[in-house]
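The file query21.txt comes next; it holds compact mmCIF, C-alpha atoms.
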# COMPACT_ATOMS: atom_id res chain seq x y z
CA MET A 58 13.71 81.95 110.34
CA PRO A 59 10.55 79.89 110.01
CA ILE A 60 7.07 81.36 110.01
CA THR A 61 4.34 79.19 111.51
CA ALA A 62 0.58 79.62 111.69
CA LEU A 63 -0.88 79.46 115.19
CA ASN A 64 -3.74 81.05 117.10
CA GLY A 65 -5.09 82.47 113.85
CA ILE A 66 -1.96 84.47 113.02
CA ASP A 67 1.51 83.93 111.52
CA ILE A 68 4.44 83.91 113.95
CA ASN A 69 8.01 84.51 112.84
CA TYR A 70 10.49 82.81 115.18
CA GLU A 71 14.05 81.57 115.46
CA GLU A 72 15.68 78.84 117.50
CA ALA A 73 19.36 78.06 117.90
CA GLY A 74 21.60 75.88 120.03
CA ALA A 75 20.88 72.90 122.24
CA GLY A 76 20.41 72.20 125.92
CA ASP A 77 18.02 73.75 128.41
CA PRO A 78 15.51 76.02 126.64
CA LEU A 79 15.78 79.81 127.02
CA VAL A 80 12.94 81.98 125.72
CA LEU A 81 13.87 85.55 124.70
CA ILE A 82 11.10 88.15 124.41
CA HIS A 83 11.79 91.49 122.76
CA ASN A 84 10.36 94.94 123.42
CA LEU A 85 8.13 97.42 121.61
CA THR A 86 9.59 98.69 118.28
CA SER A 87 11.94 95.73 118.11
CA ASN A 88 11.92 92.16 116.80
CA ILE A 89 14.05 89.05 117.07
CA ARG A 90 16.88 90.74 115.17
CA GLY A 91 17.35 92.77 118.37
CA PHE A 92 18.93 89.62 119.86
CA ASP A 93 21.54 89.20 117.12
CA ARG A 94 24.29 90.22 119.56
CA ASN A 95 23.06 87.77 122.21
CA ILE A 96 21.88 84.55 120.59
CA PRO A 97 25.34 83.44 119.35
CA ALA A 98 26.71 83.54 122.93
CA LEU A 99 23.58 82.26 124.67
CA SER A 100 22.98 79.43 122.22
CA ARG A 101 26.34 77.90 123.10
CA ARG A 102 24.80 76.99 126.47
CA PHE A 103 21.04 76.97 125.78
CA ARG A 104 18.44 76.11 123.19
CA THR A 105 17.32 79.67 122.50
CA VAL A 106 13.86 80.51 121.15
CA ALA A 107 12.73 84.00 120.15
CA ALA A 108 9.63 85.13 118.27
CA ASP A 109 8.51 88.41 116.75
CA LEU A 110 5.64 89.68 118.90
CA ARG A 111 2.29 90.58 117.39
CA GLY A 112 2.62 93.78 115.38
CA HIS A 113 6.39 93.46 115.07
CA GLY A 114 8.79 92.13 112.48
CA TYR A 115 7.23 89.46 110.30
CA THR A 116 4.55 88.29 112.74
CA THR A 117 0.99 89.33 111.86
CA HIS A 118 0.13 93.02 112.28
CA GLU A 119 -3.32 94.29 113.25
CA ASP A 120 -3.55 97.84 111.94
CA SER A 121 -7.14 98.64 112.86
CA GLU A 122 -7.31 100.62 116.09
CA ALA A 123 -10.89 99.40 116.55
CA ARG A 124 -9.61 95.82 116.84
CA ALA A 125 -6.19 96.55 118.32
CA GLU A 126 -7.01 96.53 122.03
CA ALA A 127 -8.33 92.97 121.78
CA PHE A 128 -5.34 91.90 119.66
CA TYR A 129 -2.36 93.38 121.54
CA ARG A 130 -3.05 92.12 125.07
CA PHE A 131 -0.32 90.50 127.12
CA ASP A 132 -2.40 87.35 127.50
CA ASP A 133 -2.79 87.05 123.71
CA ILE A 134 0.97 87.35 123.26
CA VAL A 135 1.41 84.76 126.02
CA ASP A 136 -1.01 82.44 124.22
CA ASP A 137 1.22 82.69 121.14
CA HIS A 138 4.29 81.71 123.16
CA ILE A 139 2.55 78.83 124.92
CA THR A 140 1.33 77.40 121.63
CA LEU A 141 4.76 77.83 120.04
CA LEU A 142 6.59 76.23 122.97
CA ASP A 143 4.19 73.28 123.02
CA ARG A 144 4.63 72.85 119.27
CA LEU A 145 8.41 72.82 119.73
CA GLY A 146 8.13 70.22 122.49
CA ILE A 147 9.49 72.54 125.17
CA ASP A 148 8.36 71.90 128.74
CA ARG A 149 10.44 73.77 131.34
CA PHE A 150 12.45 76.81 130.33
CA PHE A 151 14.27 79.96 131.39
CA LEU A 152 12.86 83.39 130.48
CA PHE A 153 14.19 86.78 129.46
CA GLY A 154 12.05 89.85 128.71
CA GLN A 155 13.32 93.20 127.45
CA ALA A 156 11.63 96.43 128.66
CA TYR A 157 7.88 96.99 129.06
CA TRP A 158 6.43 94.69 126.39
CA GLY A 159 9.06 91.97 126.75
CA ALA A 160 9.38 91.97 130.54
CA ASN A 161 5.66 91.98 131.16
CA THR A 162 4.99 89.32 128.55
CA ALA A 163 7.55 87.19 130.40
CA LEU A 164 5.91 87.83 133.77
CA HIS A 165 2.44 87.10 132.39
CA LEU A 166 3.82 83.89 130.86
CA PHE A 167 5.16 82.92 134.28
CA ASP A 168 1.75 83.69 135.76
CA ARG A 169 0.07 81.30 133.34
CA MET A 170 2.51 78.40 133.79
CA PRO A 171 4.73 78.98 136.84
CA GLU A 172 5.63 75.31 137.14
CA ARG A 173 7.39 75.45 133.76
CA VAL A 174 9.51 78.56 134.39
CA ARG A 175 12.93 77.88 135.95
CA GLY A 176 14.18 81.46 136.22
CA ILE A 177 13.35 84.94 134.94
CA VAL A 178 15.44 87.93 133.92
CA VAL A 179 13.68 91.18 133.07
CA SER A 180 15.52 94.20 131.76
CA SER A 181 14.71 97.91 131.90
CA ALA A 182 11.18 97.48 133.23
CA TYR A 183 8.87 96.49 136.04
CA MET A 184 5.12 95.82 136.23
CA ILE A 185 3.66 99.29 135.80
CA SER A 186 0.03 98.90 136.85
CA THR A 187 -2.50 101.68 136.41
CA ASP A 188 -6.18 102.38 136.91
CA PRO A 189 -8.43 101.63 133.92
CA GLY A 190 -8.01 104.27 131.25
CA VAL A 191 -4.69 105.57 132.61
CA LYS A 192 -1.89 105.20 130.07
CA THR A 193 1.33 103.55 131.18
CA TYR A 194 3.40 106.45 129.86
CA GLU A 195 1.79 108.73 132.45
CA MET A 196 4.04 107.01 134.99
CA LEU A 197 7.19 108.20 133.17
CA GLY A 198 7.09 111.81 134.34
CA GLU A 199 5.96 114.84 132.39
CA THR A 200 8.75 114.69 129.79
CA GLY A 201 8.17 111.01 129.07
CA LYS A 202 4.41 111.52 128.93
CA GLN A 203 4.66 114.38 126.44
CA ASN A 204 7.19 112.47 124.34
CA PHE A 205 4.79 109.52 124.02
CA ILE A 206 1.77 111.70 123.29
CA ARG A 207 3.71 113.35 120.47
CA MET A 208 5.10 110.05 119.15
CA HIS A 209 1.65 108.46 119.14
CA GLU A 210 0.29 111.37 117.11
CA LEU A 211 3.19 110.98 114.67
CA ALA A 212 2.64 107.22 114.38
CA ARG A 213 -1.01 107.70 113.48
CA ARG A 214 -0.40 110.58 111.09
CA GLU A 215 2.93 109.78 109.44
CA GLY A 216 3.99 106.28 110.40
CA MET A 217 6.82 104.68 112.34
CA LEU A 218 9.75 106.29 110.53
CA ALA A 219 8.48 109.62 111.81
CA VAL A 220 8.56 108.11 115.31
CA TYR A 221 12.15 107.01 114.68
CA ASP A 222 13.10 110.57 113.65
CA ASP A 223 11.40 111.96 116.77
CA ARG A 224 13.29 109.61 119.06
CA LEU A 225 16.53 110.52 117.33
CA LYS A 226 15.78 114.18 118.06
CA TYR A 227 14.33 113.98 121.58
CA GLY A 228 15.97 110.77 122.81
CA GLN A 229 13.09 108.97 124.56
CA PHE A 230 14.91 105.92 126.05
CA TRP A 231 17.83 106.57 123.67
CA SER A 232 21.09 107.66 125.30
CA GLU A 233 23.57 110.05 123.70
CA ARG A 234 25.90 107.09 123.23
CA LEU A 235 23.25 105.12 121.39
CA ARG A 236 22.29 108.07 119.18
CA GLY A 237 25.94 108.36 118.18
CA ASP A 238 26.23 104.74 117.01
CA ALA A 239 25.42 104.56 113.29
CA GLY A 240 25.21 100.76 113.31
CA ILE A 241 22.65 100.60 116.12
CA LEU A 242 20.64 103.42 114.59
CA ALA A 243 20.42 101.60 111.26
CA GLU A 244 19.06 98.53 113.06
CA PHE A 245 16.58 100.62 115.06
CA LYS A 246 15.37 102.37 111.92
CA ASP A 247 14.68 99.03 110.27
CA ALA A 248 12.94 97.74 113.42
CA HIS A 249 10.68 100.80 113.46
CA ARG A 250 9.87 100.22 109.79
CA LEU A 251 8.76 96.69 110.67
CA THR A 252 6.58 97.78 113.62
CA SER A 253 2.86 98.38 113.24
CA PRO A 254 1.95 101.99 114.11
CA THR A 255 -1.21 100.61 115.69
CA ALA A 256 0.81 98.25 117.91
CA PHE A 257 2.96 101.21 118.93
CA VAL A 258 -0.02 103.27 120.11
CA THR A 259 -1.82 100.33 121.75
CA ILE A 260 -0.20 99.85 125.14
CA PRO A 261 -1.20 96.57 126.85
CA HIS A 262 -2.67 97.37 130.24
CA ILE A 263 -1.79 95.86 133.63
CA GLY A 264 -4.34 96.34 136.39
CA HIS A 265 -3.37 96.56 140.04
CA GLU A 266 -5.02 93.23 140.92
CA ARG A 267 -3.21 91.33 138.16
CA ARG A 268 0.11 92.84 139.18
CA ALA A 269 -0.48 91.89 142.82
CA ALA A 270 -1.42 88.33 141.83
CA ILE A 271 1.71 87.86 139.71
CA ALA A 272 3.89 89.33 142.46
CA ALA A 273 2.34 87.03 145.08
CA LYS A 274 3.01 84.03 142.87
CA LEU A 275 6.64 85.06 142.37
CA ARG A 276 7.13 85.34 146.12
CA ALA A 277 5.29 82.10 146.92
CA ARG A 278 7.22 80.02 144.41
CA ALA A 279 10.56 81.77 145.04
CA THR A 280 11.29 81.57 141.32
CA PRO A 281 14.78 83.02 140.70
CA LEU A 282 14.31 86.57 139.42
CA MET A 283 16.80 89.19 138.26
CA LEU A 284 16.26 92.80 137.23
CA LEU A 285 18.97 93.83 134.80
CA LEU A 286 19.46 97.56 134.19
CA GLY A 287 21.66 99.72 132.02
CA ALA A 288 23.63 102.00 134.33
CA ASP A 289 22.81 105.04 132.16
CA ASP A 290 19.05 104.45 131.92
CA THR A 291 16.86 107.29 133.16
CA ASN A 292 14.34 105.55 135.44
CA ASN A 293 16.48 103.05 137.34
CA ASP A 294 15.44 104.14 140.84
CA GLN A 295 11.76 103.83 139.88
CA MET A 296 12.29 100.39 138.34
CA ILE A 297 14.24 99.10 141.35
CA ALA A 298 11.60 100.37 143.77
CA GLY A 299 8.81 98.82 141.71
CA MET A 300 10.48 95.43 141.47
CA ARG A 301 11.45 95.38 145.15
CA GLN A 302 7.85 96.19 146.05
CA ASP A 303 6.68 93.14 144.10
CA CYS A 304 9.55 90.79 144.93
CA PRO A 305 11.90 91.91 147.73
CA ASP A 306 14.38 89.11 146.94
CA VAL A 307 14.90 90.20 143.32
CA HIS A 308 18.55 90.15 142.27
CA ILE A 309 19.58 93.48 140.68
CA VAL A 310 22.51 93.92 138.29
CA MET A 311 23.68 97.12 136.62
CA ILE A 312 25.30 96.84 133.19
CA PRO A 313 27.88 99.58 132.57
CA GLU A 314 28.12 101.59 129.36
CA SER A 315 24.47 101.06 128.47
CA GLY A 316 21.10 102.70 128.85
CA HIS A 317 17.66 101.26 128.13
CA TYR A 318 18.99 98.58 125.73
CA PRO A 319 21.82 96.62 127.40
CA THR A 320 21.15 93.72 125.00
CA ILE A 321 22.45 95.95 122.21
CA GLU A 322 24.54 98.65 123.87
CA ASN A 323 26.77 96.32 125.91
CA PRO A 324 26.09 92.74 124.79
CA ARG A 325 29.31 91.36 126.26
CA ASP A 326 28.45 92.21 129.86
CA PHE A 327 24.75 91.53 129.26
CA ASN A 328 25.44 88.02 127.96
CA HIS A 329 27.79 87.26 130.86
CA ALA A 330 25.22 88.47 133.39
CA LEU A 331 22.50 86.26 131.90
CA LEU A 332 24.69 83.18 131.70
CA ASN A 333 25.89 83.58 135.29
CA PHE A 334 22.36 84.08 136.63
CA TYR A 335 20.86 81.17 134.72
CA ALA A 336 23.71 78.91 135.87
CA GLY A 337 22.68 79.58 139.46
CA ALA A 338 18.98 79.31 138.67
CA ARG A 339 19.63 75.96 136.97
CA GLU A 340 21.08 74.57 140.18
CA GLU A 341 18.14 75.87 142.22
CA SER A 342 15.51 74.47 139.86
CA LYS A 343 16.83 70.94 139.36
Could you spell out this file's structure in structure tokens?
Amino acid sequence: MPITALNGIDINYEEAGAGDPLVLIHNLTSNIRGFDRNIPALSRRFRTVAADLRGHGYTTHEDSEARAEAFYRFDDIVDDHITLLDRLGIDRFFLFGQAYWGANTALHLFDRMPERVRGIVVSSAYMISTDPGVKTYEMLGETGKQNFIRMHELARREGMLAVYDDRLKYGQFWSERLRGDAGILAEFKDAHRLTSPTAFVTIPHIGHERRAAIAAKLRARATPLMLLLGADDTNNDQMIAGMRQDCPDVHIVMIPESGHYPTIENPRDFNHALLNFYAGAREESK
């Protein structure tokens, strides 16, 4: 996995395979190792590219909360991807984004260069826009809100392994099935260890106007778009309604035997769903 300097930071990334490029973008408290169950299958058909986001894995961390808001913005993360893709000589590509950080980075990347994006899959998320100063987790219901308030306090006071222990106990986004899988838990513990506590508590904001502009662009360009959900996730109705509001023609697929992390919980069906969708999007975008 090479590390390259760009935009004033170090980016850890991986590429594999050949063919049409496919950019994979991970979620909060993850890194490119979260795609270990997907890249071997996807790279047989695509040139896959994945990078650790700012504050995650071996990409640069900003641990000062005073500087964090200006460091962990979606547009900054998009700038990193644009620079990396240009450096790798990649023009047009397919996109996948996992959950809030990954999905919204993907959609902001589309917003910045829609002519280069051939198709988008987002998983376990939609564009949650809020008024200035309103935290995204306030849209998750009272239980989700209180879980995040508690986890943010733990991250600041004790670090990310305390957040891991809290999620293991209270299960925010973690299904019973996931919490019973020792292999997945070991990977998640390591991913939490490699996540900046400051990144964890700094939630990139989406305003209502930016969300509306991205949604209008998706509709105008008719870019192929799929929302992929784990059948056991807890907010599926909310995510479907949000995505249909923004893009009524979105294609929705439910992955069985998985919750918030279908990439990891059911990689076989996840990989098949992605490959089938991108095959159709490839025909549409020739």
Please list as a PDB file with C-alpha atoms, keeping the file's coordinate frame every residue within 9 Å of stretch 63-67 of chain A, counting all atoms listed in the file and excluding residues in the same chain fewer than 6 positions away.
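Below you can see part27.pdb, which holds the result:
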ATOM      1  CA  ARG A 111       2.290  90.580 117.390  1.00  0.00           C
ATOM      2  CA  TYR A 115       7.230  89.460 110.300  1.00  0.00           C
ATOM      3  CA  THR A 116       4.550  88.290 112.740  1.00  0.00           C
ATOM      4  CA  THR A 117       0.990  89.330 111.860  1.00  0.00           C
ATOM      5  CA  HIS A 118       0.130  93.020 112.280  1.00  0.00           C
ATOM      6  CA  ASP A 133      -2.790  87.050 123.710  1.00  0.00           C
ATOM      7  CA  ASP A 136      -1.010  82.440 124.220  1.00  0.00           C
ATOM      8  CA  ASP A 137       1.220  82.690 121.140  1.00  0.00           C
ATOM      9  CA  THR A 140       1.330  77.400 121.630  1.00  0.00           C
ATOM     10  CA  LEU A 141       4.760  77.830 120.040  1.00  0.00           C
TER      11      LEU A 141
END
At a cut-off of 12 Å, using all atoms listed in the file, what residues contact A:Asn333? Leave out same-chain residues fewer than 2 positions from it and give the result as a ChimeraX atom specification. /A:99,102,176,178,283,310,326-331,335-340
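Among A:Ala156, A:Leu284, A:Leu251, A:Val191, the residue with the shortest atom-to-atom distance to A:Gly216, counting all atoms listed in the file, is A:Leu251.
The residue that comes closest to A:Ser180, out of A:Cys304, A:Ala62, A:Ala73, A:Leu282 and on the basis of all atoms listed in the file, is A:Leu282.
Closest to A:Glu244 among A:Thr291, A:Tyr221, A:Val179, A:Arg267 is A:Tyr221, based on all atoms listed in the file.
Summary of the local environment: counting all atoms listed in the file, residues at most 12 Å from A:His265, other than itself and those fewer than 4 positions away along its chain, are Met184, Ile185, Ser186, Thr187, Asp188, Pro189, Val191, Ala269, Ala270, Ile271, Ala272 and Asp303 of chain A.
Using all atoms listed in the file, the shortest contact distance between A:Arg224 and any of A:Thr162, A:Ser100, A:Asn204, A:Ser342 is found at A:Asn204.
With only C-alpha atoms as the atoms that count, the residue of A:His165, A:Lys192, A:His113, A:Arg213 with the shortest distance to A:Ile68 is A:His113.
Ranking A:Tyr183, A:Arg234, A:Lys274, A:Asp247 by their shortest atom-to-atom distance to A:Arg301, with all atoms listed in the file included, puts A:Tyr183 first.
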Put the listed atoms of stretch 157-165 of chain A in a box along x, y and z with 3 Å added on every side and give me the centre and edge lengths in Å to one decimal, as JSON.
{"center_x": 5.9, "center_y": 92.0, "center_z": 130.1, "size_x": 12.9, "size_y": 15.9, "size_z": 13.4}
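Taking atom CA of A:Phe128 and atom CA of A:Pro59 as endpoints, the distance between them is 22.1 Å.
One finds atom CA of A:Asp222 at 27.9 Å from atom CA of A:Ile134.
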The distance between atom CA of A:Tyr129 and atom CA of A:Asp143 is 21.2 Å
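Near A:Asp93, within a cut-off of 10 Å and counting only C-alpha atoms, sit the residues Ile89, Pro97, Ala98, Thr320, Ile321 and Pro324 of chain A, with same-chain residues fewer than 4 positions away left out.
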As a PDB file, in the coordinates of the input, the rebuilt stretch 296-326 of chain A with N, CA and C atoms:
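Final output, part28.pdb:
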ATOM      1  N   MET A 296      12.406 101.808 138.682  1.00  0.00           N
ATOM      2  CA  MET A 296      12.290 100.390 138.340  1.00  0.00           C
ATOM      3  C   MET A 296      12.728  99.504 139.507  1.00  0.00           C
ATOM      4  N   ILE A 297      13.790  99.890 140.198  1.00  0.00           N
ATOM      5  CA  ILE A 297      14.240  99.100 141.350  1.00  0.00           C
ATOM      6  C   ILE A 297      13.179  99.105 142.444  1.00  0.00           C
ATOM      7  N   ALA A 298      12.628 100.283 142.729  1.00  0.00           N
ATOM      8  CA  ALA A 298      11.600 100.370 143.770  1.00  0.00           C
ATOM      9  C   ALA A 298      10.374  99.535 143.402  1.00  0.00           C
ATOM     10  N   GLY A 299       9.969  99.586 142.144  1.00  0.00           N
ATOM     11  CA  GLY A 299       8.810  98.820 141.710  1.00  0.00           C
ATOM     12  C   GLY A 299       9.023  97.327 141.812  1.00  0.00           C
ATOM     13  N   MET A 300      10.195  96.868 141.398  1.00  0.00           N
ATOM     14  CA  MET A 300      10.480  95.430 141.470  1.00  0.00           C
ATOM     15  C   MET A 300      10.646  94.960 142.900  1.00  0.00           C
ATOM     16  N   ARG A 301      11.281  95.770 143.746  1.00  0.00           N
ATOM     17  CA  ARG A 301      11.450  95.380 145.150  1.00  0.00           C
ATOM     18  C   ARG A 301      10.103  95.349 145.870  1.00  0.00           C
ATOM     19  N   GLN A 302       9.192  96.220 145.483  1.00  0.00           N
ATOM     20  CA  GLN A 302       7.850  96.190 146.050  1.00  0.00           C
ATOM     21  C   GLN A 302       7.163  94.858 145.741  1.00  0.00           C
ATOM     22  N   ASP A 303       7.329  94.380 144.519  1.00  0.00           N
ATOM     23  CA  ASP A 303       6.680  93.140 144.100  1.00  0.00           C
ATOM     24  C   ASP A 303       7.420  91.898 144.585  1.00  0.00           C
ATOM     25  N   CYS A 304       8.737  91.973 144.589  1.00  0.00           N
ATOM     26  CA  CYS A 304       9.550  90.790 144.930  1.00  0.00           C
ATOM     27  C   CYS A 304      10.808  91.258 145.660  1.00  0.00           C
ATOM     28  N   PRO A 305      10.768  91.360 146.980  1.00  0.00           N
ATOM     29  CA  PRO A 305      11.900  91.910 147.730  1.00  0.00           C
ATOM     30  C   PRO A 305      13.220  91.168 147.501  1.00  0.00           C
ATOM     31  N   ASP A 306      13.153  89.894 147.129  1.00  0.00           N
ATOM     32  CA  ASP A 306      14.380  89.110 146.940  1.00  0.00           C
ATOM     33  C   ASP A 306      14.935  89.190 145.529  1.00  0.00           C
ATOM     34  N   VAL A 307      14.399  90.079 144.688  1.00  0.00           N
ATOM     35  CA  VAL A 307      14.900  90.200 143.320  1.00  0.00           C
ATOM     36  C   VAL A 307      16.389  90.528 143.334  1.00  0.00           C
ATOM     37  N   HIS A 308      17.123  89.894 142.440  1.00  0.00           N
ATOM     38  CA  HIS A 308      18.550  90.150 142.270  1.00  0.00           C
ATOM     39  C   HIS A 308      18.694  91.275 141.247  1.00  0.00           C
ATOM     40  N   ILE A 309      19.465  92.315 141.569  1.00  0.00           N
ATOM     41  CA  ILE A 309      19.580  93.480 140.680  1.00  0.00           C
ATOM     42  C   ILE A 309      21.029  93.619 140.213  1.00  0.00           C
ATOM     43  N   VAL A 310      21.187  93.767 138.901  1.00  0.00           N
ATOM     44  CA  VAL A 310      22.510  93.920 138.290  1.00  0.00           C
ATOM     45  C   VAL A 310      22.490  95.138 137.380  1.00  0.00           C
ATOM     46  N   MET A 311      23.505  95.970 137.495  1.00  0.00           N
ATOM     47  CA  MET A 311      23.680  97.120 136.620  1.00  0.00           C
ATOM     48  C   MET A 311      24.729  96.799 135.554  1.00  0.00           C
ATOM     49  N   ILE A 312      24.382  97.055 134.307  1.00  0.00           N
ATOM     50  CA  ILE A 312      25.300  96.840 133.190  1.00  0.00           C
ATOM     51  C   ILE A 312      25.932  98.185 132.828  1.00  0.00           C
ATOM     52  N   PRO A 313      27.249  98.295 132.886  1.00  0.00           N
ATOM     53  CA  PRO A 313      27.880  99.580 132.570  1.00  0.00           C
ATOM     54  C   PRO A 313      27.801  99.889 131.070  1.00  0.00           C
ATOM     55  N   GLU A 314      28.034 101.146 130.757  1.00  0.00           N
ATOM     56  CA  GLU A 314      28.120 101.590 129.360  1.00  0.00           C
ATOM     57  C   GLU A 314      26.884 101.213 128.551  1.00  0.00           C
ATOM     58  N   SER A 315      25.721 101.330 129.185  1.00  0.00           N
ATOM     59  CA  SER A 315      24.470 101.060 128.470  1.00  0.00           C
ATOM     60  C   SER A 315      23.341 101.816 129.142  1.00  0.00           C
ATOM     61  N   GLY A 316      22.296 102.062 128.346  1.00  0.00           N
ATOM     62  CA  GLY A 316      21.100 102.700 128.850  1.00  0.00           C
ATOM     63  C   GLY A 316      19.940 101.727 128.863  1.00  0.00           C
ATOM     64  N   HIS A 317      18.891 102.042 128.104  1.00  0.00           N
ATOM     65  CA  HIS A 317      17.660 101.260 128.130  1.00  0.00           C
ATOM     66  C   HIS A 317      17.795  99.926 127.391  1.00  0.00           C
ATOM     67  N   TYR A 318      18.867  99.762 126.597  1.00  0.00           N
ATOM     68  CA  TYR A 318      18.990  98.580 125.730  1.00  0.00           C
ATOM     69  C   TYR A 318      20.324  97.863 125.964  1.00  0.00           C
ATOM     70  N   PRO A 319      20.543  97.302 127.149  1.00  0.00           N
ATOM     71  CA  PRO A 319      21.820  96.620 127.400  1.00  0.00           C
ATOM     72  C   PRO A 319      22.057  95.435 126.474  1.00  0.00           C
ATOM     73  N   THR A 320      20.985  94.808 125.966  1.00  0.00           N
ATOM     74  CA  THR A 320      21.150  93.720 125.000  1.00  0.00           C
ATOM     75  C   THR A 320      21.967  94.155 123.800  1.00  0.00           C
ATOM     76  N   ILE A 321      21.829  95.422 123.419  1.00  0.00           N
ATOM     77  CA  ILE A 321      22.450  95.950 122.210  1.00  0.00           C
ATOM     78  C   ILE A 321      23.630  96.855 122.528  1.00  0.00           C
ATOM     79  N   GLU A 322      23.512  97.669 123.576  1.00  0.00           N
ATOM     80  CA  GLU A 322      24.540  98.650 123.870  1.00  0.00           C
ATOM     81  C   GLU A 322      25.791  98.037 124.496  1.00  0.00           C
ATOM     82  N   ASN A 323      25.619  96.995 125.304  1.00  0.00           N
ATOM     83  CA  ASN A 323      26.770  96.320 125.910  1.00  0.00           C
ATOM     84  C   ASN A 323      26.489  94.815 125.969  1.00  0.00           C
ATOM     85  N   PRO A 324      26.460  94.163 124.807  1.00  0.00           N
ATOM     86  CA  PRO A 324      26.090  92.740 124.790  1.00  0.00           C
ATOM     87  C   PRO A 324      27.076  91.838 125.519  1.00  0.00           C
ATOM     88  N   ARG A 325      28.335  92.214 125.574  1.00  0.00           N
ATOM     89  CA  ARG A 325      29.310  91.360 126.260  1.00  0.00           C
ATOM     90  C   ARG A 325      28.956  91.196 127.728  1.00  0.00           C
ATOM     91  N   ASP A 326      28.781  92.300 128.441  1.00  0.00           N
ATOM     92  CA  ASP A 326      28.450  92.210 129.860  1.00  0.00           C
ATOM     93  C   ASP A 326      27.030  91.695 130.073  1.00  0.00           C
TER      94      ASP A 326
END
